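**Q** Got my_file.csv for you, CSV, C-alpha atoms:
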chain,number,residue,atom,x,y,z
A,25,MET,CA,13.7,80.7,8.2
A,26,SER,CA,11.5,78.0,6.7
A,27,ALA,CA,10.0,78.3,3.3
A,28,PRO,CA,6.3,79.2,3.1
A,29,ALA,CA,3.9,76.4,2.7
A,30,TYR,CA,2.2,76.0,-0.7
A,31,THR,CA,-1.6,76.4,-0.9
A,32,ARG,CA,-3.5,73.4,-2.1
A,33,ASP,CA,-3.8,74.9,-5.6
A,34,GLN,CA,-0.1,75.8,-5.7
A,35,ALA,CA,0.9,72.3,-4.7
A,36,ALA,CA,-1.2,70.8,-7.5
A,37,THR,CA,0.2,73.3,-10.0
A,38,PHE,CA,3.8,72.6,-9.1
A,39,ALA,CA,3.1,68.8,-9.1
A,40,LEU,CA,1.8,69.1,-12.6
A,41,LEU,CA,4.8,71.2,-13.6
A,42,ASP,CA,7.0,68.5,-12.3
A,43,LEU,CA,5.2,65.9,-14.4
A,44,THR,CA,5.7,68.0,-17.6
A,45,GLN,CA,9.4,67.9,-17.1
A,46,GLY,CA,9.5,64.1,-17.3
A,47,SER,CA,10.8,64.1,-20.8
A,48,VAL,CA,13.8,66.2,-19.6
A,49,ILE,CA,14.7,63.5,-17.0
A,50,THR,CA,14.3,60.8,-19.7
A,51,GLN,CA,16.8,62.6,-21.9
A,52,ALA,CA,19.2,63.1,-18.9
A,53,LEU,CA,19.0,59.3,-18.2
A,54,TYR,CA,19.6,58.6,-21.9
A,55,VAL,CA,22.7,60.8,-21.9
A,56,ALA,CA,24.0,59.2,-18.7
A,57,ALA,CA,23.5,55.8,-20.3
A,58,ARG,CA,25.1,56.7,-23.6
A,59,LEU,CA,28.2,58.0,-21.7
A,60,SER,CA,28.2,54.9,-19.5
A,61,ILE,CA,28.6,57.0,-16.4
A,62,ALA,CA,27.3,54.3,-14.1
A,63,ASP,CA,29.9,51.9,-15.5
A,64,ILE,CA,32.6,54.5,-15.1
A,65,LEU,CA,31.6,54.8,-11.4
A,66,SER,CA,31.4,51.0,-10.8
A,67,ASP,CA,34.8,51.1,-8.9
A,68,GLY,CA,33.9,54.0,-6.7
A,69,PRO,CA,33.1,57.7,-6.6
A,70,LEU,CA,34.9,60.2,-8.9
A,71,ALA,CA,34.9,63.9,-9.5
A,72,ALA,CA,32.9,65.2,-12.4
A,73,ALA,CA,36.0,66.2,-14.2
A,74,GLU,CA,37.4,62.7,-14.1
A,75,ILE,CA,34.1,61.2,-15.1
A,76,ALA,CA,34.0,63.7,-18.1
A,77,LYS,CA,37.5,62.7,-19.1
A,78,ARG,CA,36.7,59.0,-19.2
A,79,ALA,CA,33.4,59.7,-21.0
A,80,ASP,CA,34.9,62.1,-23.5
A,81,ALA,CA,32.6,64.9,-22.4
A,82,ASN,CA,32.6,68.5,-21.1
A,83,PRO,CA,33.4,68.6,-17.3
A,84,GLU,CA,31.0,71.4,-16.4
A,85,ALA,CA,28.2,69.9,-18.5
A,86,VAL,CA,28.8,66.5,-16.9
A,87,TYR,CA,28.6,68.1,-13.4
A,88,ARG,CA,25.4,69.8,-14.3
A,89,LEU,CA,23.9,66.5,-15.6
A,90,LEU,CA,24.9,64.6,-12.5
A,91,ARG,CA,23.6,67.4,-10.3
A,92,LEU,CA,20.2,67.1,-12.0
A,93,LEU,CA,20.0,63.3,-11.7
A,94,SER,CA,21.2,63.3,-8.1
A,95,GLY,CA,18.1,65.4,-7.2
A,96,TYR,CA,16.1,62.3,-8.3
A,97,SER,CA,18.3,59.9,-6.4
A,98,VAL,CA,20.1,58.8,-9.5
A,99,PHE,CA,23.8,59.3,-8.5
A,100,ALA,CA,24.8,61.1,-5.3
A,101,GLU,CA,27.3,63.8,-4.7
A,102,GLY,CA,29.4,63.3,-1.6
A,103,GLU,CA,30.7,66.0,0.8
A,104,ASP,CA,34.0,65.8,-1.1
A,105,GLY,CA,32.3,66.8,-4.3
A,106,ARG,CA,32.7,63.4,-5.9
A,107,PHE,CA,29.7,61.5,-7.4
A,108,GLY,CA,28.9,57.9,-6.7
A,109,LEU,CA,26.3,55.3,-7.4
A,110,THR,CA,23.0,55.0,-5.8
A,111,PRO,CA,20.7,51.9,-6.1
A,112,MET,CA,19.0,53.5,-9.0
A,113,ALA,CA,22.2,54.5,-10.6
A,114,SER,CA,23.5,51.0,-10.2
A,115,ALA,CA,20.6,49.8,-12.4
A,116,LEU,CA,22.1,51.9,-15.2
A,117,ARG,CA,25.2,49.8,-15.3
A,118,ASP,CA,25.4,47.6,-18.3
A,119,ASP,CA,26.4,44.5,-16.2
A,120,ALA,CA,23.7,45.0,-13.5
A,121,PRO,CA,21.6,41.9,-12.8
A,122,ASP,CA,18.4,43.7,-13.7
A,123,SER,CA,20.0,46.5,-15.9
A,124,MET,CA,17.8,49.3,-17.0
A,125,ARG,CA,20.4,50.8,-19.3
A,126,GLY,CA,18.7,49.4,-22.4
A,127,ILE,CA,15.4,50.9,-21.7
A,128,ALA,CA,17.1,54.3,-20.9
A,129,LEU,CA,18.8,54.1,-24.3
A,130,LEU,CA,15.5,53.3,-26.0
A,131,MET,CA,13.3,55.9,-24.3
A,132,GLY,CA,15.7,58.7,-25.2
A,133,HIS,CA,16.4,57.5,-28.7
A,134,PRO,CA,15.7,60.1,-31.4
A,135,LEU,CA,13.4,57.8,-33.3
A,136,PHE,CA,11.5,56.8,-30.2
A,137,ARG,CA,11.0,60.5,-29.3
A,138,GLU,CA,9.8,61.1,-32.9
A,139,ASP,CA,7.3,58.3,-32.6
A,140,TRP,CA,5.8,59.7,-29.4
A,141,GLY,CA,5.5,63.1,-31.0
A,142,HIS,CA,2.6,61.7,-33.0
A,143,LEU,CA,0.5,60.4,-30.0
A,144,LEU,CA,-2.0,63.2,-30.7
A,145,THR,CA,-2.8,61.6,-34.0
A,146,SER,CA,-3.4,58.2,-32.4
A,147,VAL,CA,-5.6,59.7,-29.7
A,148,ARG,CA,-7.7,61.6,-32.3
A,149,THR,CA,-8.1,58.6,-34.6
A,150,GLY,CA,-7.8,55.6,-32.3
A,151,GLU,CA,-5.4,54.2,-34.8
A,152,PRO,CA,-1.6,53.6,-34.7
A,153,SER,CA,0.3,56.6,-36.1
A,154,LEU,CA,3.5,54.8,-37.0
A,155,PRO,CA,2.3,53.3,-40.4
A,156,THR,CA,1.5,56.8,-41.6
A,157,LEU,CA,4.7,58.3,-40.1
A,158,ARG,CA,7.1,55.6,-41.3
A,159,GLY,CA,5.2,54.3,-44.4
A,160,MET,CA,5.3,50.8,-42.9
A,161,GLY,CA,4.2,48.9,-39.8
A,162,ALA,CA,6.2,49.0,-36.5
A,163,PHE,CA,7.8,45.6,-37.0
A,164,GLU,CA,8.7,46.3,-40.6
A,165,PHE,CA,10.3,49.5,-39.5
A,166,LEU,CA,12.4,47.8,-36.9
A,167,MET,CA,13.6,45.2,-39.4
A,168,ALA,CA,14.5,48.0,-41.8
A,169,ASN,CA,16.5,49.9,-39.2
A,170,PRO,CA,19.1,47.6,-37.5
A,171,GLU,CA,20.5,50.1,-35.0
A,172,TYR,CA,17.1,51.1,-33.7
A,173,ARG,CA,16.0,47.4,-33.8
A,174,ILE,CA,18.9,46.5,-31.4
A,175,ALA,CA,18.0,49.4,-29.1
A,176,PHE,CA,14.3,48.5,-29.1
A,177,PHE,CA,14.7,44.9,-28.3
A,178,GLN,CA,17.4,45.5,-25.7
A,179,GLY,CA,15.0,47.9,-24.1
A,180,MET,CA,12.2,45.4,-24.2
A,181,GLY,CA,14.5,42.8,-22.7
A,182,ASN,CA,15.1,45.2,-19.8
A,183,LEU,CA,11.4,45.4,-19.2
A,184,SER,CA,10.9,41.6,-19.4
A,185,ALA,CA,13.9,40.1,-17.7
A,186,PRO,CA,13.0,41.3,-14.1
A,187,GLU,CA,9.6,39.6,-14.5
A,188,THR,CA,11.0,36.1,-15.0
A,189,ASP,CA,11.9,35.2,-11.5
A,190,PRO,CA,8.7,36.6,-10.0
A,191,VAL,CA,6.6,34.6,-12.5
A,192,VAL,CA,8.5,31.4,-11.8
A,193,ALA,CA,8.1,32.0,-8.1
A,194,ALA,CA,4.4,32.8,-8.2
A,195,TYR,CA,3.2,29.5,-9.7
A,196,ASP,CA,4.2,25.9,-9.4
A,197,PHE,CA,4.2,24.4,-12.9
A,198,SER,CA,5.5,21.0,-11.8
A,199,ARG,CA,2.2,19.2,-12.3
A,200,PHE,CA,2.5,19.7,-16.1
A,201,ARG,CA,4.3,17.0,-18.1
A,202,THR,CA,4.9,19.2,-21.2
A,203,ILE,CA,5.0,23.0,-21.2
A,204,VAL,CA,5.0,25.0,-24.4
A,205,ASP,CA,6.1,28.6,-24.4
A,206,LEU,CA,4.6,30.4,-27.5
A,207,GLY,CA,6.6,33.4,-28.5
A,208,GLY,CA,9.2,32.7,-25.8
A,209,GLY,CA,12.1,34.2,-27.7
A,210,ARG,CA,15.4,33.4,-26.1
A,211,GLY,CA,13.7,30.9,-23.7
A,212,ALA,CA,14.6,32.5,-20.3
A,213,LEU,CA,11.1,32.1,-18.8
A,214,LEU,CA,10.8,28.5,-19.9
A,215,ALA,CA,14.2,27.6,-18.7
A,216,GLY,CA,13.4,29.2,-15.3
A,217,ILE,CA,10.2,27.2,-15.1
A,218,LEU,CA,11.9,23.9,-16.0
A,219,ASN,CA,14.6,24.5,-13.4
A,220,ARG,CA,11.8,24.3,-10.7
A,221,ALA,CA,9.6,21.8,-12.5
A,222,ASN,CA,12.4,19.3,-12.8
A,223,ALA,CA,10.2,16.4,-14.1
A,224,SER,CA,8.6,18.5,-16.8
A,225,THR,CA,9.7,18.9,-20.4
A,226,GLY,CA,9.4,22.1,-22.5
A,227,ILE,CA,9.0,23.2,-26.1
A,228,LEU,CA,10.1,26.7,-27.0
A,229,PHE,CA,8.1,27.8,-30.1
A,230,ASP,CA,8.8,31.1,-31.9
A,231,HIS,CA,10.2,32.5,-35.2
A,232,PRO,CA,13.7,31.5,-36.1
A,233,GLN,CA,15.1,35.0,-35.6
A,234,ALA,CA,13.6,35.2,-32.1
A,235,THR,CA,15.1,31.8,-31.0
A,236,ALA,CA,18.6,32.4,-32.5
A,237,ASP,CA,20.3,32.6,-29.1
A,238,ALA,CA,17.9,30.3,-27.3
A,239,ALA,CA,20.0,27.2,-27.3
A,240,ASP,CA,22.8,28.9,-25.4
A,241,VAL,CA,20.3,30.3,-22.8
A,242,ILE,CA,18.7,26.9,-22.3
A,243,LYS,CA,22.1,25.1,-22.1
A,244,ALA,CA,23.4,27.7,-19.6
A,245,ALA,CA,20.3,27.0,-17.4
A,246,GLY,CA,21.0,23.3,-17.4
A,247,VAL,CA,17.8,22.2,-19.0
A,248,ALA,CA,18.8,21.4,-22.5
A,249,GLY,CA,18.0,17.7,-22.1
A,250,ARG,CA,14.4,18.5,-21.3
A,251,CYS,CA,13.7,21.4,-23.7
A,252,THR,CA,13.4,21.5,-27.5
A,253,ILE,CA,13.2,24.4,-29.8
A,254,GLU,CA,10.7,24.5,-32.6
A,255,ASN,CA,10.1,27.3,-35.1
A,256,GLY,CA,7.0,28.4,-36.8
A,257,SER,CA,4.1,30.9,-36.6
A,258,TYR,CA,1.5,30.6,-33.8
A,259,PHE,CA,-1.0,32.2,-36.2
A,260,GLU,CA,-0.8,29.1,-38.3
A,261,THR,CA,-0.2,26.2,-35.8
A,262,VAL,CA,1.2,25.4,-32.4
A,263,PRO,CA,2.8,22.2,-31.0
A,264,ALA,CA,-0.1,19.8,-30.2
A,265,GLY,CA,-0.8,17.7,-27.1
A,266,ALA,CA,0.9,19.7,-24.4
A,267,ASP,CA,-0.5,20.2,-20.9
A,268,ALA,CA,0.4,23.9,-20.5
A,269,TYR,CA,0.8,26.7,-22.9
A,270,LEU,CA,2.4,30.0,-22.0
A,271,LEU,CA,1.9,33.4,-23.8
A,272,LYS,CA,4.0,36.1,-22.1
A,273,HIS,CA,3.7,39.7,-23.5
A,274,THR,CA,2.5,38.2,-26.8
A,275,LEU,CA,-1.3,38.7,-27.1
A,276,HIS,CA,-1.1,42.4,-26.3
A,277,ASP,CA,0.8,43.0,-29.5
A,278,PHE,CA,-1.9,41.9,-31.8
A,279,SER,CA,-5.3,42.9,-33.1
A,280,GLU,CA,-8.4,41.0,-31.8
A,281,PRO,CA,-8.7,38.8,-34.9
A,282,GLN,CA,-5.0,37.9,-34.6
A,283,ILE,CA,-5.4,37.1,-30.9
A,284,ARG,CA,-8.4,34.9,-31.7
A,285,ALA,CA,-6.4,33.0,-34.3
A,286,VAL,CA,-3.7,32.2,-31.7
A,287,LEU,CA,-6.2,31.2,-29.0
A,288,LYS,CA,-8.1,29.0,-31.5
A,289,ASN,CA,-4.8,27.2,-32.4
A,290,VAL,CA,-4.0,26.7,-28.7
A,291,ARG,CA,-7.6,25.5,-28.0
A,292,ASN,CA,-7.3,22.9,-30.8
A,293,ALA,CA,-3.9,21.7,-29.6
A,294,ILE,CA,-4.2,21.6,-25.8
A,295,ASN,CA,-4.9,18.5,-23.8
A,296,PRO,CA,-8.5,18.6,-22.4
A,297,SER,CA,-7.1,18.7,-18.8
A,298,GLY,CA,-4.5,21.3,-19.7
A,299,ALA,CA,-4.2,25.0,-18.9
A,300,LEU,CA,-3.3,28.2,-20.7
A,301,PHE,CA,-1.3,30.9,-19.0
A,302,VAL,CA,-1.4,34.4,-20.4
A,303,ILE,CA,1.2,36.5,-18.6
A,304,GLU,CA,0.5,40.2,-19.1
A,305,TYR,CA,-0.3,43.4,-17.4
A,306,VAL,CA,-3.8,43.3,-16.1
A,307,LEU,CA,-5.2,46.8,-16.0
A,308,PRO,CA,-6.9,47.8,-12.7
A,309,GLU,CA,-10.4,49.1,-12.8
A,310,GLY,CA,-10.6,52.8,-12.3
A,311,ASN,CA,-7.8,55.4,-12.2
A,312,GLU,CA,-5.1,53.5,-10.2
A,313,ARG,CA,-1.6,54.3,-11.4
A,314,HIS,CA,-0.2,51.3,-13.2
A,315,ILE,CA,2.6,50.7,-15.7
A,316,GLY,CA,0.2,48.8,-17.8
A,317,ASN,CA,-1.6,52.1,-18.6
A,318,ILE,CA,1.6,53.5,-20.0
A,319,ILE,CA,2.3,50.4,-22.1
A,320,ASP,CA,-1.4,50.6,-23.3
A,321,MET,CA,-0.7,54.0,-24.8
A,322,TRP,CA,2.5,52.7,-26.3
A,323,LEU,CA,0.6,49.8,-28.0
A,324,LEU,CA,-2.0,52.3,-29.3
A,325,LEU,CA,0.7,54.5,-30.8
A,326,MET,CA,2.7,51.7,-32.4
A,327,LEU,CA,0.4,48.8,-33.2
A,328,GLY,CA,-3.2,49.8,-32.6
A,329,ALA,CA,-3.3,47.1,-29.9
A,330,LYS,CA,-4.1,47.4,-26.2
A,331,GLU,CA,-3.8,46.1,-22.6
A,332,ARG,CA,-6.9,44.7,-20.9
A,333,THR,CA,-8.7,44.4,-17.6
A,334,ARG,CA,-9.7,41.1,-15.9
A,335,GLN,CA,-13.2,41.2,-17.4
A,336,GLN,CA,-11.8,42.0,-20.9
A,337,TYR,CA,-9.5,39.0,-20.7
A,338,ALA,CA,-12.3,36.8,-19.4
A,339,ASP,CA,-14.5,37.8,-22.4
A,340,LEU,CA,-11.6,37.4,-24.9
A,341,LEU,CA,-10.7,33.9,-23.6
A,342,ALA,CA,-14.4,32.8,-23.5
A,343,SER,CA,-14.7,33.7,-27.2
A,344,GLU,CA,-12.3,30.9,-28.1
A,345,GLY,CA,-13.3,28.2,-25.7
A,346,PHE,CA,-11.4,29.0,-22.5
A,347,ARG,CA,-12.6,29.9,-19.0
A,348,LEU,CA,-10.6,32.2,-16.9
A,349,THR,CA,-10.1,30.4,-13.6
A,350,SER,CA,-7.7,32.7,-11.7
A,351,ILE,CA,-5.4,35.7,-11.9
A,352,ILE,CA,-2.2,35.2,-9.9
A,353,PRO,CA,-0.3,38.4,-9.0
A,354,THR,CA,3.5,38.4,-9.0
A,355,THR,CA,6.0,40.6,-7.3
A,356,SER,CA,6.5,42.3,-10.7
A,357,PRO,CA,3.8,44.4,-12.5
A,358,VAL,CA,2.7,41.4,-14.6
A,359,SER,CA,0.1,38.8,-13.5
A,360,ILE,CA,-0.5,35.2,-14.5
A,361,ILE,CA,-3.9,34.8,-16.1
A,362,GLN,CA,-4.9,31.1,-15.8
A,363,ALA,CA,-7.5,29.6,-18.1
A,364,GLU,CA,-8.8,26.1,-18.9
A,365,PRO,CA,-10.4,24.7,-22.0
A,366,VAL,CA,-14.2,24.2,-21.9
Just give me the structure as structure tokens.

**A**
Amino acid sequence: MSAPAYTRDQAATFALLDLTQGSVITQALYVAARLSIADILSDGPLAAAEIAKRADANPEAVYRLLRLLSGYSVFAEGEDGRFGLTPMASALRDDAPDSMRGIALLMGHPLFREDWGHLLTSVRTGEPSLPTLRGMGAFEFLMANPEYRIAFFQGMGNLSAPETDPVVAAYDFSRFRTIVDLGGGRGALLAGILNRANASTGILFDHPQATADAADVIKAAGVAGRCTIENGSYFETVPAGADAYLLKHTLHDFSEPQIRAVLKNVRNAINPSGALFVIEYVLPEGNERHIGNIIDMWLLLMLGAKERTRQQYADLLASEGFRLTSIIPTTSPVSIIQAEPV
């Protein structure tokens, strides 16, 4: 006998109910990541009791956790009762090419959950709630809490790493003689670009802490002979005379006066025939579902910053002497916003 069909109102009600349970799924993924269950299953399916033994956890509770996640296609229970990896579960492996384990560990972290518990304050005031909650800004709090800082930046790396290849594939940078990546951290994006633009040279420019591992990344990519690392603050100055400047997930972290300071420095430094590339989420007009709208709320909560639409980027760039010439989509959620000095 088939189940009765929902009415339209019932379907909407239960769809909303499902959305309200999202935090439960987040916590389940966090626990699975903490217990390294996907890594335990990397050699093949196992019974819940064996998984629990290797994870030092309760067998029945592990079964119930996996049963829950299997309903969302994270793990799968076979006819023999053993659990195995699915494509989504494979992304929870620590050694997966585009691992999401770090972001799962961040999203379920107790401090992260506490931060989001104060979203109401930010929505009411339009200001970040973290300075009041923590007694300091978001970056200062991360620096003061090493364990959380590691979890935070590993999670951010999980979000950023899968975007590198799509960005490199979406645009041919080979016409530029010198490419500067401002705030490029470990240098993965610049290294990827230089691997394709094999006659170009690059400058990675960021704070010393951010570039600590960059030399190894650049060397492993085989572009060390064409890429230098310089340290400094793009609020104060940037390397001068380059043909292309990159800003990936950098501008959205700052207030408008800070953004204008960075853009002004780039405008003063760039070759007249050069180009600026801002690589960010570009919010769609209207109510289209987009990850950028989630990150936008995150930026409000933590920093009082925001994501922008195409028109908002055009206006912002124009304010500091740039004309938005095109927005190039990629196969990831980010787009490449190209601008030229005027």

**Q** Go through segment 123-197 of chain A and flag each residue having an atom no more than 10 Å from segment 30-53 of chain A; for those, report the closest pair of atoms plus their distance in Å to one decimal, using all atoms listed in the file, ordered by chain and rising number, as a tab-separated table.

**A**
residue	atom	partner	partner_atom	distance
A:Arg125	CA	A:Leu53	CA	8.7
A:Ile127	CA	A:Leu53	CA	9.8
A:Ala128	CA	A:Leu53	CA	6.0
A:Leu129	CA	A:Leu53	CA	8.0
A:Leu130	CA	A:Thr50	CA	9.9
A:Met131	CA	A:Thr50	CA	6.8
A:Gly132	CA	A:Gln51	CA	5.2
A:His133	CA	A:Gln51	CA	8.5
A:Pro134	CA	A:Gln51	CA	9.9
A:Arg137	CA	A:Ser47	CA	9.2

**Q** Pick out the residues sitting within 12 Å of Ser153 of chain A, and hand them over as a VMD selection string; count all atoms listed in the file, and ignore anything fewer than 2 positions along from it in its own chain.

**A** chain A and resid 138 to 151 155 to 162 321 to 329

**Q** Quick one: residues within 12 Å of Asn289 of chain A, all atoms listed in the file, excluding same-chain residues fewer than 6 positions away - as a PyMOL selection string?

**A** chain A and resi 206+257-265+269+282-283+300+344-345

**Q** Under the rule that all atoms listed in the file are counted, which of A:Ile217, A:Gln335, A:His273, A:Pro357 is the nearest residue to His314 of chain A?

**A**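 Ranked by minimum distance to His314 of chain A, first place goes to A:Pro357.
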
**Q** From the list A:Arg106, A:Arg88, A:His231, A:Arg173, which residue is nearest Pro69 of chain A when using all atoms listed in the file?

**A** A:Arg106

**Q** Rank nothing, just name the residue among A:Met180, A:Arg117, A:Gly216, A:Ala223 nearest to Ala193 of chain A, using all atoms listed in the file.

**A**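 For Ala193 of chain A, the nearest of the given residues is A:Gly216.
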
**Q** Separation of atom CA of Asp63 of chain A and atom CA of Gly108 of chain A, in Å?

**A** 10.7 Å

**Q** Taking into account all atoms listed in the file, which residue in the set A:Ala238, A:Ala245, A:Ala266, A:Ala120 is nearest to Asn219 of chain A?

**A**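 Nearest candidate to Asn219 of chain A out of A:Ala238, A:Ala245, A:Ala266, A:Ala120: A:Ala245.
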
**Q** Show me, as a PDB file with C-alpha atoms, keeping the file's coordinate frame, the residues that have an atom within 12 Å of Asn317 of chain A when counting all atoms listed in the file, minus same-chain residues fewer than 6 positions from it.

**A**
ATOM      1  CA  TYR A 305      -0.300  43.400 -17.400  1.00  0.00           C
ATOM      2  CA  VAL A 306      -3.800  43.300 -16.100  1.00  0.00           C
ATOM      3  CA  LEU A 307      -5.200  46.800 -16.000  1.00  0.00           C
ATOM      4  CA  PRO A 308      -6.900  47.800 -12.700  1.00  0.00           C
ATOM      5  CA  GLU A 309     -10.400  49.100 -12.800  1.00  0.00           C
ATOM      6  CA  GLY A 310     -10.600  52.800 -12.300  1.00  0.00           C
ATOM      7  CA  ASN A 311      -7.800  55.400 -12.200  1.00  0.00           C
ATOM      8  CA  LEU A 323       0.600  49.800 -28.000  1.00  0.00           C
ATOM      9  CA  LEU A 324      -2.000  52.300 -29.300  1.00  0.00           C
ATOM     10  CA  LYS A 330      -4.100  47.400 -26.200  1.00  0.00           C
ATOM     11  CA  GLU A 331      -3.800  46.100 -22.600  1.00  0.00           C
ATOM     12  CA  ARG A 332      -6.900  44.700 -20.900  1.00  0.00           C
ATOM     13  CA  THR A 333      -8.700  44.400 -17.600  1.00  0.00           C
ATOM     14  CA  PRO A 357       3.800  44.400 -12.500  1.00  0.00           C
TER      15      PRO A 357
END

**Q** Give me the residues near Ser123 of chain A as a PyMOL selection string, where near means some atom within 10 Å (using all atoms listed in the file) and where sequence neighbours in that chain fewer than 6 positions away do not count.

**A** chain A and resi 112-117+179+181-183+185-186

**Q** How many Å separate atom CA of Thr110 of chain A from atom CA of Ile319 of chain A?

**A**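 Atom CA of Ile319 of chain A lies 26.7 Å from atom CA of Thr110 of chain A.
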
**Q** When you count only C-alpha atoms, which of these residues is closest to Ala175 of chain A: A:Ser97, A:Arg58, A:His276, A:Ser198?

**A**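 For Ala175 of chain A, the nearest of the given residues is A:Arg58.
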
**Q** Measure the distance from atom CA of Glu187 of chain A to atom CA of Gly249 of chain A in Å and round it to one decimal.

**A**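 The value is 24.7 Å.
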
**Q** Which centre and edge lengths in Å to one decimal define the box along x, y and z that fits every listed atom of segment 140-147 of chain A plus 5 Å per side, as AutoDock Vina command-line options?

**A**
--center_x 0.1 --center_y 60.7 --center_z -31.7 --size_x 21.4 --size_y 15.0 --size_z 14.6

**Q** Residues at most 8 Å from Gln362 of chain A, counting all atoms listed in the file, excluding those fewer than 3 positions away in the same chain, as a list in words?

**A**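 Neighbouring residues, sequence-local ones excluded: Ala299, Leu300, Phe301, Val302, Leu348, Thr349, Ser350, Ile351 and Ile352 of chain A.
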
**Q** Considering all atoms listed in the file, can you say which of A:Lys77, A:Thr274, A:Glu280, A:Gly207 comes closest to Gly256 of chain A?

**A**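 Counting all atoms listed in the file, the residue closest to Gly256 of chain A is A:Gly207.
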